[in-house]
Structures are given as structure tokens and as C-alpha cells.
file start.pdb (PDB, C-alpha atoms, pLDDT in the B column)
ATOM      1  CA  MET Q   1       0.000   0.000   0.000  1.00 71.00           C
ATOM      2  CA  VAL Q   2       2.769   2.444   0.932  1.00 70.00           C
ATOM      3  CA  ILE Q   3       4.670   1.591  -2.240  1.00 76.00           C
ATOM      4  CA  ALA Q   4       1.536   2.303  -4.315  1.00 67.00           C
ATOM      5  CA  ILE Q   5       1.091   5.719  -2.702  1.00 71.00           C
ATOM      6  CA  ILE Q   6       4.765   6.585  -3.278  1.00 71.00           C
ATOM      7  CA  THR Q   7       4.514   5.430  -6.907  1.00 72.00           C
ATOM      8  CA  ILE Q   8       1.426   7.571  -7.524  1.00 71.00           C
ATOM      9  CA  GLY Q   9       3.077  10.586  -5.829  1.00 62.00           C
ATOM     10  CA  LEU Q  10       6.232  10.230  -7.920  1.00 62.00           C
ATOM     11  CA  GLY Q  11       4.145   9.836 -11.055  1.00 66.00           C
ATOM     12  CA  LEU Q  12       2.277  13.063 -10.353  1.00 60.00           C
ATOM     13  CA  PHE Q  13       5.497  14.915  -9.519  1.00 60.00           C
ATOM     14  CA  ILE Q  14       7.256  13.730 -12.689  1.00 64.00           C
ATOM     15  CA  THR Q  15       4.194  14.596 -14.807  1.00 62.00           C
ATOM     16  CA  ASN Q  16       4.053  18.142 -13.409  1.00 54.00           C
ATOM     17  CA  SER Q  17       7.797  18.732 -13.074  1.00 49.00           C
ATOM     18  CA  ASP Q  18       8.004  20.698 -16.344  1.00 50.00           C
ATOM     19  CA  GLN Q  19       5.372  23.141 -15.112  1.00 48.00           C
ATOM     20  CA  ILE Q  20       7.004  23.428 -11.698  1.00 45.00           C
ATOM     21  CA  ILE Q  21      10.440  24.094 -13.221  1.00 43.00           C
ATOM     22  CA  ASP Q  22       8.980  26.676 -15.652  1.00 45.00           C
ATOM     23  CA  GLN Q  23       7.312  28.553 -12.790  1.00 46.00           C
ATOM     24  CA  ILE Q  24      10.497  28.571 -10.737  1.00 46.00           C
ATOM     25  CA  ALA Q  25      12.650  29.669 -13.696  1.00 50.00           C
ATOM     26  CA  SER Q  26      10.276  32.296 -15.109  1.00 75.00           C
ATOM     27  CA  GLU Q  27      11.233  35.901 -14.571  1.00 86.00           C
ATOM     28  CA  SER Q  28       8.718  38.262 -12.967  1.00 89.00           C
ATOM     29  CA  PRO Q  29       7.623  41.301 -15.004  1.00 89.00           C
ATOM     30  CA  GLN Q  30       9.370  43.569 -12.478  1.00 89.00           C
ATOM     31  CA  GLU Q  31      12.630  41.664 -13.020  1.00 92.00           C
ATOM     32  CA  THR Q  32      12.198  41.956 -16.789  1.00 91.00           C
ATOM     33  CA  VAL Q  33      11.642  45.734 -16.551  1.00 91.00           C
ATOM     34  CA  PHE Q  34      14.651  46.120 -14.259  1.00 90.00           C
ATOM     35  CA  ARG Q  35      16.811  44.080 -16.674  1.00 92.00           C
ATOM     36  CA  ALA Q  36      15.597  46.207 -19.621  1.00 92.00           C
ATOM     37  CA  VAL Q  37      16.417  49.459 -17.794  1.00 92.00           C
ATOM     38  CA  SER Q  38      19.903  48.174 -16.911  1.00 92.00           C
ATOM     39  CA  GLU Q  39      20.511  47.064 -20.500  1.00 93.00           C
ATOM     40  CA  ALA Q  40      19.341  50.427 -21.882  1.00 93.00           C
ATOM     41  CA  ARG Q  41      21.657  52.319 -19.548  1.00 93.00           C
ATOM     42  CA  MET Q  42      24.651  50.161 -20.524  1.00 93.00           C
ATOM     43  CA  ALA Q  43      23.824  50.422 -24.255  1.00 94.00           C
ATOM     44  CA  ALA Q  44      23.737  54.245 -24.014  1.00 94.00           C
ATOM     45  CA  VAL Q  45      27.149  54.312 -22.350  1.00 94.00           C
ATOM     46  CA  ASP Q  46      28.699  51.671 -24.642  1.00 94.00           C
ATOM     47  CA  LEU Q  47      27.357  53.197 -27.881  1.00 93.00           C
ATOM     48  CA  ASN Q  48      27.876  56.789 -26.692  1.00 94.00           C
ATOM     49  CA  GLU Q  49      24.425  57.911 -27.822  1.00 95.00           C
ATOM     50  CA  VAL Q  50      20.926  58.391 -26.473  1.00 95.00           C
ATOM     51  CA  ILE Q  51      19.027  55.105 -26.208  1.00 95.00           C
ATOM     52  CA  TYR Q  52      15.269  54.836 -25.757  1.00 95.00           C
ATOM     53  CA  LEU Q  53      13.335  52.117 -23.967  1.00 93.00           C
ATOM     54  CA  SER Q  54       9.825  51.655 -25.300  1.00 93.00           C
ATOM     55  CA  TYR Q  55       6.912  49.244 -24.935  1.00 92.00           C
ATOM     56  CA  ASP Q  56       5.322  47.521 -27.938  1.00 91.00           C
ATOM     57  CA  GLU Q  57       1.753  46.732 -26.912  1.00 89.00           C
ATOM     58  CA  ASP Q  58       1.045  44.524 -29.946  1.00 90.00           C
ATOM     59  CA  GLU Q  59       3.978  42.220 -29.198  1.00 90.00           C
ATOM     60  CA  ASN Q  60       3.904  42.688 -25.390  1.00 89.00           C
ATOM     61  CA  ARG Q  61       7.609  43.493 -25.142  1.00 90.00           C
ATOM     62  CA  LEU Q  62      10.053  46.225 -24.227  1.00 92.00           C
ATOM     63  CA  TYR Q  63      12.654  47.115 -26.847  1.00 94.00           C
ATOM     64  CA  LEU Q  64      15.571  49.513 -27.282  1.00 94.00           C
ATOM     65  CA  TYR Q  65      16.311  51.907 -30.124  1.00 94.00           C
ATOM     66  CA  SER Q  66      18.814  54.673 -30.795  1.00 92.00           C
ATOM     67  CA  GLN Q  67      18.143  58.370 -31.388  1.00 87.00           C
ATOM     68  CA  THR Q  68      18.353  57.678 -35.134  1.00 87.00           C
ATOM     69  CA  GLY Q  69      15.555  55.113 -34.792  1.00 87.00           C
ATOM     70  CA  GLU Q  70      17.853  52.134 -35.294  1.00 89.00           C
ATOM     71  CA  SER Q  71      16.789  49.092 -33.286  1.00 88.00           C
ATOM     72  CA  ILE Q  72      19.229  47.785 -30.677  1.00 87.00           C
ATOM     73  CA  ASP Q  73      19.574  44.010 -30.565  1.00 84.00           C
ATOM     74  CA  ALA Q  74      17.756  43.511 -27.255  1.00 80.00           C
ATOM     75  CA  GLU Q  75      14.141  42.835 -26.490  1.00 80.00           C
ATOM     76  CA  PHE Q  76      12.364  41.871 -23.333  1.00 89.00           C
ATOM     77  CA  ARG Q  77       9.197  39.815 -23.784  1.00 88.00           C
ATOM     78  CA  PHE Q  78       6.462  39.369 -21.211  1.00 86.00           C
ATOM     79  CA  GLU Q  79       4.186  36.420 -20.629  1.00 86.00           C
ATOM     80  CA  THR Q  80       0.700  36.664 -22.108  1.00 78.00           C
ATOM     81  CA  GLU Q  81      -0.796  33.986 -19.874  1.00 82.00           C
ATOM     82  CA  GLY Q  82      -0.305  32.816 -16.321  1.00 81.00           C
ATOM     83  CA  ARG Q  83       0.506  34.563 -13.077  1.00 77.00           C
ATOM     84  CA  PHE Q  84       3.083  36.920 -14.657  1.00 80.00           C
ATOM     85  CA  ALA Q  85       0.932  37.904 -17.636  1.00 87.00           C
ATOM     86  CA  VAL Q  86       1.358  41.607 -18.454  1.00 88.00           C
ATOM     87  CA  ASP Q  87      -1.656  43.573 -19.632  1.00 86.00           C
ATOM     88  CA  ARG Q  88       0.183  46.812 -20.514  1.00 86.00           C
ATOM     89  CA  ILE Q  89       3.041  49.092 -19.525  1.00 87.00           C
ATOM     90  CA  LEU Q  90       2.842  52.889 -19.449  1.00 87.00           C
ATOM     91  CA  MET Q  91       5.573  55.462 -18.855  1.00 89.00           C
ATOM     92  CA  ARG Q  92       5.167  58.904 -17.284  1.00 86.00           C
ATOM     93  CA  PRO Q  93       7.743  61.546 -16.330  1.00 85.00           C
ATOM     94  CA  VAL Q  94       8.310  62.222 -12.637  1.00 83.00           C
ATOM     95  CA  ILE Q  95       7.469  65.821 -11.752  1.00 78.00           C
ATOM     96  CA  SER Q  96       8.512  65.977  -8.074  1.00 65.00           C
ATOM     97  CA  GLU Q  97      10.604  69.068  -7.503  1.00 54.00           C
ATOM     98  CA  SER Q  98      12.036  68.647  -4.012  1.00 52.00           C
ATOM     99  CA  LEU Q  99      13.822  65.321  -4.396  1.00 52.00           C
ATOM    100  CA  PHE Q 100      17.378  66.336  -3.715  1.00 54.00           C
ATOM    101  CA  GLY Q 101      18.507  66.451  -0.111  1.00 52.00           C
ATOM    102  CA  ASN Q 102      15.698  64.160   0.992  1.00 52.00           C
ATOM    103  CA  THR Q 103      15.703  60.448   1.637  1.00 50.00           C
ATOM    104  CA  PRO Q 104      13.625  58.517  -0.903  1.00 50.00           C
ATOM    105  CA  SER Q 105      10.986  57.539   1.636  1.00 51.00           C
ATOM    106  CA  SER Q 106      10.481  61.105   2.904  1.00 52.00           C
ATOM    107  CA  TYR Q 107       8.694  62.517  -0.151  1.00 58.00           C
ATOM    108  CA  PRO Q 108       5.858  61.360  -2.389  1.00 66.00           C
ATOM    109  CA  ILE Q 109       6.706  60.918  -6.042  1.00 73.00           C
ATOM    110  CA  ASN Q 110       4.342  62.737  -8.375  1.00 77.00           C
ATOM    111  CA  LEU Q 111       3.902  61.533 -11.934  1.00 80.00           C
ATOM    112  CA  ALA Q 112       2.891  63.749 -14.843  1.00 81.00           C
ATOM    113  CA  GLU Q 113      -0.633  63.258 -16.150  1.00 84.00           C
ATOM    114  CA  GLU Q 114       0.482  62.684 -19.731  1.00 85.00           C
ATOM    115  CA  TYR Q 115       2.091  59.451 -20.844  1.00 87.00           C
ATOM    116  CA  GLN Q 116       5.148  59.247 -23.036  1.00 87.00           C
ATOM    117  CA  PRO Q 117       6.156  56.619 -25.598  1.00 91.00           C
ATOM    118  CA  SER Q 118       9.635  55.921 -24.232  1.00 91.00           C
ATOM    119  CA  MET Q 119      12.217  56.491 -21.516  1.00 93.00           C
ATOM    120  CA  ALA Q 120      15.546  58.096 -22.516  1.00 93.00           C
ATOM    121  CA  PHE Q 121      19.014  56.959 -21.391  1.00 94.00           C
ATOM    122  CA  TYR Q 122      22.030  59.193 -22.002  1.00 95.00           C
ATOM    123  CA  PRO Q 123      25.697  58.387 -22.739  1.00 95.00           C
ATOM    124  CA  THR Q 124      26.718  59.923 -19.399  1.00 93.00           C
ATOM    125  CA  GLY Q 125      24.953  57.064 -17.611  1.00 90.00           C
ATOM    126  CA  VAL Q 126      21.935  59.045 -16.434  1.00 91.00           C
ATOM    127  CA  SER Q 127      18.357  58.588 -17.549  1.00 90.00           C
ATOM    128  CA  GLN Q 128      15.192  60.568 -17.796  1.00 88.00           C
ATOM    129  CA  PHE Q 129      13.405  60.619 -14.435  1.00 87.00           C
ATOM    130  CA  CYS Q 130      10.487  58.409 -15.317  1.00 84.00           C
ATOM    131  CA  GLY Q 131       7.901  56.197 -13.695  1.00 86.00           C
ATOM    132  CA  ILE Q 132       6.874  52.906 -15.228  1.00 89.00           C
ATOM    133  CA  GLU Q 133       3.358  51.627 -14.571  1.00 89.00           C
ATOM    134  CA  LEU Q 134       3.166  47.862 -14.892  1.00 87.00           C
ATOM    135  CA  TYR Q 135      -0.352  46.463 -15.273  1.00 88.00           C
ATOM    136  CA  LEU Q 136      -0.754  42.718 -14.758  1.00 87.00           C
ATOM    137  CA  GLN Q 137      -3.734  40.823 -16.140  1.00 86.00           C
ATOM    138  CA  SER Q 138      -4.458  39.510 -12.641  1.00 84.00           C
ATOM    139  CA  THR Q 139      -4.810  43.089 -11.260  1.00 80.00           C
ATOM    140  CA  PRO Q 140      -5.557  45.354 -14.265  1.00 77.00           C
ATOM    141  CA  ARG Q 141      -6.818  48.279 -12.145  1.00 81.00           C
ATOM    142  CA  ASN Q 142      -3.912  48.363  -9.688  1.00 84.00           C
ATOM    143  CA  PRO Q 143      -0.615  49.059 -11.418  1.00 85.00           C
ATOM    144  CA  PHE Q 144       2.735  48.274  -9.911  1.00 83.00           C
ATOM    145  CA  TYR Q 145       4.849  51.449 -10.020  1.00 86.00           C
ATOM    146  CA  MET Q 146       8.569  51.298 -10.685  1.00 88.00           C
ATOM    147  CA  ILE Q 147      10.436  54.581 -10.242  1.00 86.00           C
ATOM    148  CA  PHE Q 148      14.098  54.537 -11.240  1.00 85.00           C
ATOM    149  CA  ASP Q 149      16.711  56.919  -9.850  1.00 82.00           C
ATOM    150  CA  PRO Q 150      18.002  58.908 -12.852  1.00 84.00           C
ATOM    151  CA  PHE Q 151      21.628  58.713 -11.678  1.00 85.00           C
ATOM    152  CA  SER Q 152      22.030  55.119 -10.531  1.00 82.00           C
ATOM    153  CA  ASN Q 153      18.977  53.538 -12.196  1.00 77.00           C
ATOM    154  CA  GLY Q 154      18.263  51.894  -8.866  1.00 81.00           C
ATOM    155  CA  LEU Q 155      14.643  51.513  -7.818  1.00 81.00           C
ATOM    156  CA  LEU Q 156      13.411  54.248  -5.515  1.00 77.00           C
ATOM    157  CA  GLU Q 157      11.296  52.994  -2.658  1.00 61.00           C
ATOM    158  CA  SER Q 158       8.836  55.769  -2.214  1.00 54.00           C
ATOM    159  CA  GLU Q 159       5.147  56.439  -2.123  1.00 54.00           C
ATOM    160  CA  VAL Q 160       3.819  57.179  -5.606  1.00 60.00           C
ATOM    161  CA  ASP Q 161       1.094  59.770  -6.010  1.00 56.00           C
ATOM    162  CA  PRO Q 162      -0.472  58.891  -9.368  1.00 55.00           C
TER     163      PRO Q 162
END
call {"tool": "encode", "arguments": {"input": "start.pdb", "output": "C-alpha cells"}}
result
Amino acid sequence: MVIAIITIGLGLFITNSDQIIDQIASESPQETVFRAVSEARMAAVDLNEVIYLSYDEDENRLYLYSQTGESIDAEFRFETEGRFAVDRILMRPVISESLFGNTPSSYPINLAEEYQPSMAFYPTGVSQFCGIELYLQSTPRNPFYMIFDPFSNGLLESEVDP
């Protein structure tokens, strides 16, 4: 009896192991955005030109292009189904004026009302101060905000005032 239960358990585990491994190995949308921002920053420095990060809604991916419109060989696709499925990504400039001299958690971050098609990265290693709104299919009305420091491209942990 015990051997039968163990055999059935192993059979179920082996049958579902591909799905389990895929879920463990899959990258979250936040990790994909962070990787895209890091890649854009490095491409701007390496190529010594302005690089733009943009979202293609039809193909559900982030991609990079130069100021001349030439595509950079890097794209960052999102899942269209499952727990990490991305509904859409929007970008808005940050309009907070009193950021310097404060700790990131001591001020709310205000985003502009208008959206923009891309986020700019400059050859000096800085970027446009921009907020990325990440909408998941599981929570389409509650975006996850990612605000990147324009100098280090690190994530700012602050309260966002949409």
C-alpha cells in the first residue's frame, strides 16, 4: 500500500515537473523591466548615444532603439498567460521638484498626467526621471509602479502619487 502511494506521488510529480520548473525559472515582469532598464543604460554608455526604452503593446515586449531610430539588438518579452501575464506598460515623467537632499521615503513621487512613448538613457549614464506603470492581467486596475533613480537607475522605494 505504501509503495503504491509513493509510486502515484512520484508519477504526479514527474508529470508536473516541467510546469514546476517553468514557474520557478520564469522571470517576474518587475525583473524583466529592471533588466531592460539596466541594458538600456549600458547600451547608451557603450554606444555613446541616447538610447530609448519603449513598450510595444502589440507584441507585449520592451525594446531599445537609438536616437536615429535604429533598433538595438535587445528585447524583453512578457508572458501573455499565467501569473506573470502583463496587460500593458505605461511610462510617465516624474514631476517631483524637491527630491534632492531628501531620503527617498520622505517625499511622495508625483507623476505627470500625460504618458510618453519611451524612456531616454544618455551616454553619461543618467536617464530621464520616469515612472513605469506595470499592469498585470491579474490586477488590471492596480498598477505596480517602478520609479528609477536617474543617476544610478536603482529603484526608488517611495510612495507614488499617481
call {"tool": "resolve_selection", "arguments": {"input": "start.pdb", "expression": "the PyMOL selection byres ((chain Q and resi 82) around 12)", "output": "PyMOL selection string"}}
result
chain Q and resi 19+22-23+26+28-29+78-81+83-87+136-138
call {"tool": "closest_residue", "arguments": {"input": "start.pdb", "among": "Q:Thr139, Q:Ile147, Q:Gly131, Q:Arg92", "to": "Ala112 of chain Q", "atoms": "all atoms listed in the file"}}
result
Q:Arg92
call {"tool": "residues_around", "arguments": {"input": "start.pdb", "residues": "segment 141-143 of chain Q", "least_positions_apart": "5", "cutoff": "10 Å", "atoms": "all atoms listed in the file", "output": "JSON, numbers by chain"}}
result
{"Q": [87, 88, 89, 90, 132, 133, 134, 135, 136]}
call {"tool": "atom_distance", "arguments": {"input": "start.pdb", "atom1": "atom CA of Glu75 of chain Q", "atom2": "atom CA of Leu156 of chain Q"}}
result
23.9 Å
call {"tool": "closest_residue", "arguments": {"input": "start.pdb", "among": "Q:Phe121, Q:Tyr145, Q:Phe151, Q:Phe76", "to": "Arg35 of chain Q", "atoms": "only C-alpha atoms"}}
result
Q:Phe76
call {"tool": "closest_residue", "arguments": {"input": "start.pdb", "among": "Q:Val126, Q:Ile6, Q:Ile95, Q:Met146", "to": "Ala43 of chain Q", "atoms": "all atoms listed in the file"}}
result
Q:Val126
call {"tool": "residues_around", "arguments": {"input": "start.pdb", "residues": "Ala74 of chain Q", "least_positions_apart": "4", "cutoff": "12 Å", "atoms": "only C-alpha atoms", "output": "list in words"}}
result
Thr32, Arg35, Ala36, Val37, Ser38, Glu39, Ala40, Met42, Ala43, Ile51, Tyr52, Leu53, Ser54, Arg61, Leu62, Tyr63, Leu64, Tyr65, Ser66 and Glu70 of chain Q
call {"tool": "resolve_selection", "arguments": {"input": "start.pdb", "expression": "the PyMOL selection byres ((chain Q and resi 94) around 6)", "output": "PyMOL selection string"}}
result
chain Q and resi 93+95-96+110-111+129-130
call {"tool": "closest_residue", "arguments": {"input": "start.pdb", "among": "Q:Thr7, Q:Asn48, Q:Asn60, Q:Gln67", "to": "Gly125 of chain Q", "atoms": "only C-alpha atoms"}}
result
Q:Asn48
call {"tool": "atom_distance", "arguments": {"input": "start.pdb", "atom1": "atom CA of Asp56 of chain Q", "atom2": "atom CA of Asn153 of chain Q"}}
result
21.7 Å
call {"tool": "atom_distance", "arguments": {"input": "start.pdb", "atom1": "atom CA of Arg77 of chain Q", "atom2": "atom CA of Val33 of chain Q"}}
result
9.7 Å
call {"tool": "build_atoms", "arguments": {"input": "start.pdb", "residues": "segment 31-56 of chain Q", "atoms": "N, CA and C atoms", "output": "JSON list (two decimals), keeping the file's coordinate frame"}}
result
[["chain", "number", "residue", "atom", "x", "y", "z"],
["Q", 31, "GLU", "N", 11.25, 42.02, -12.71],
["Q", 31, "GLU", "CA", 12.63, 41.66, -13.02],
["Q", 31, "GLU", "C", 12.95, 41.94, -14.48],
["Q", 32, "THR", "N", 11.99, 41.69, -15.36],
["Q", 32, "THR", "CA", 12.20, 41.96, -16.79],
["Q", 32, "THR", "C", 12.36, 43.45, -17.04],
["Q", 33, "VAL", "N", 11.53, 44.28, -16.40],
["Q", 33, "VAL", "CA", 11.64, 45.73, -16.55],
["Q", 33, "VAL", "C", 12.99, 46.21, -16.01],
["Q", 34, "PHE", "N", 13.38, 45.72, -14.85],
["Q", 34, "PHE", "CA", 14.65, 46.12, -14.26],
["Q", 34, "PHE", "C", 15.82, 45.74, -15.17],
["Q", 35, "ARG", "N", 15.76, 44.54, -15.76],
["Q", 35, "ARG", "CA", 16.81, 44.08, -16.67],
["Q", 35, "ARG", "C", 16.85, 44.96, -17.93],
["Q", 36, "ALA", "N", 15.67, 45.35, -18.44],
["Q", 36, "ALA", "CA", 15.60, 46.21, -19.62],
["Q", 36, "ALA", "C", 16.18, 47.59, -19.34],
["Q", 37, "VAL", "N", 15.88, 48.15, -18.17],
["Q", 37, "VAL", "CA", 16.42, 49.46, -17.79],
["Q", 37, "VAL", "C", 17.94, 49.39, -17.67],
["Q", 38, "SER", "N", 18.44, 48.34, -17.05],
["Q", 38, "SER", "CA", 19.90, 48.17, -16.91],
["Q", 38, "SER", "C", 20.57, 48.04, -18.27],
["Q", 39, "GLU", "N", 19.96, 47.26, -19.15],
["Q", 39, "GLU", "CA", 20.51, 47.06, -20.50],
["Q", 39, "GLU", "C", 20.50, 48.37, -21.30],
["Q", 40, "ALA", "N", 19.43, 49.15, -21.17],
["Q", 40, "ALA", "CA", 19.34, 50.43, -21.88],
["Q", 40, "ALA", "C", 20.42, 51.39, -21.40],
["Q", 41, "ARG", "N", 20.62, 51.44, -20.11],
["Q", 41, "ARG", "CA", 21.66, 52.32, -19.55],
["Q", 41, "ARG", "C", 23.04, 51.93, -20.07],
["Q", 42, "MET", "N", 23.34, 50.63, -20.05],
["Q", 42, "MET", "CA", 24.65, 50.16, -20.52],
["Q", 42, "MET", "C", 24.82, 50.39, -22.03],
["Q", 43, "ALA", "N", 23.75, 50.20, -22.80],
["Q", 43, "ALA", "CA", 23.82, 50.42, -24.26],
["Q", 43, "ALA", "C", 24.12, 51.89, -24.55],
["Q", 44, "ALA", "N", 23.50, 52.81, -23.80],
["Q", 44, "ALA", "CA", 23.74, 54.24, -24.01],
["Q", 44, "ALA", "C", 25.20, 54.60, -23.75],
["Q", 45, "VAL", "N", 25.75, 54.04, -22.69],
["Q", 45, "VAL", "CA", 27.15, 54.31, -22.35],
["Q", 45, "VAL", "C", 28.08, 53.67, -23.38],
["Q", 46, "ASP", "N", 27.83, 52.40, -23.71],
["Q", 46, "ASP", "CA", 28.70, 51.67, -24.64],
["Q", 46, "ASP", "C", 28.68, 52.28, -26.04],
["Q", 47, "LEU", "N", 27.49, 52.66, -26.52],
["Q", 47, "LEU", "CA", 27.36, 53.20, -27.88],
["Q", 47, "LEU", "C", 27.58, 54.71, -27.95],
["Q", 48, "ASN", "N", 27.67, 55.35, -26.79],
["Q", 48, "ASN", "CA", 27.88, 56.79, -26.69],
["Q", 48, "ASN", "C", 26.80, 57.58, -27.44],
["Q", 49, "GLU", "N", 25.55, 57.18, -27.24],
["Q", 49, "GLU", "CA", 24.42, 57.91, -27.82],
["Q", 49, "GLU", "C", 23.18, 57.69, -26.98],
["Q", 50, "VAL", "N", 22.17, 58.50, -27.22],
["Q", 50, "VAL", "CA", 20.93, 58.39, -26.47],
["Q", 50, "VAL", "C", 20.21, 57.12, -26.92],
["Q", 51, "ILE", "N", 19.77, 56.34, -25.94],
["Q", 51, "ILE", "CA", 19.03, 55.10, -26.21],
["Q", 51, "ILE", "C", 17.65, 55.24, -25.56],
["Q", 52, "TYR", "N", 16.64, 54.76, -26.26],
["Q", 52, "TYR", "CA", 15.27, 54.84, -25.76],
["Q", 52, "TYR", "C", 14.74, 53.44, -25.45],
["Q", 53, "LEU", "N", 14.01, 53.34, -24.35],
["Q", 53, "LEU", "CA", 13.34, 52.12, -23.97],
["Q", 53, "LEU", "C", 11.85, 52.36, -24.20],
["Q", 54, "SER", "N", 11.23, 51.47, -24.96],
["Q", 54, "SER", "CA", 9.82, 51.66, -25.30],
["Q", 54, "SER", "C", 9.07, 50.34, -25.19],
["Q", 55, "TYR", "N", 7.76, 50.43, -25.06],
["Q", 55, "TYR", "CA", 6.91, 49.24, -24.94],
["Q", 55, "TYR", "C", 6.09, 49.07, -26.20],
["Q", 56, "ASP", "N", 6.12, 47.87, -26.77],
["Q", 56, "ASP", "CA", 5.32, 47.52, -27.94],
["Q", 56, "ASP", "C", 4.12, 46.72, -27.45]]
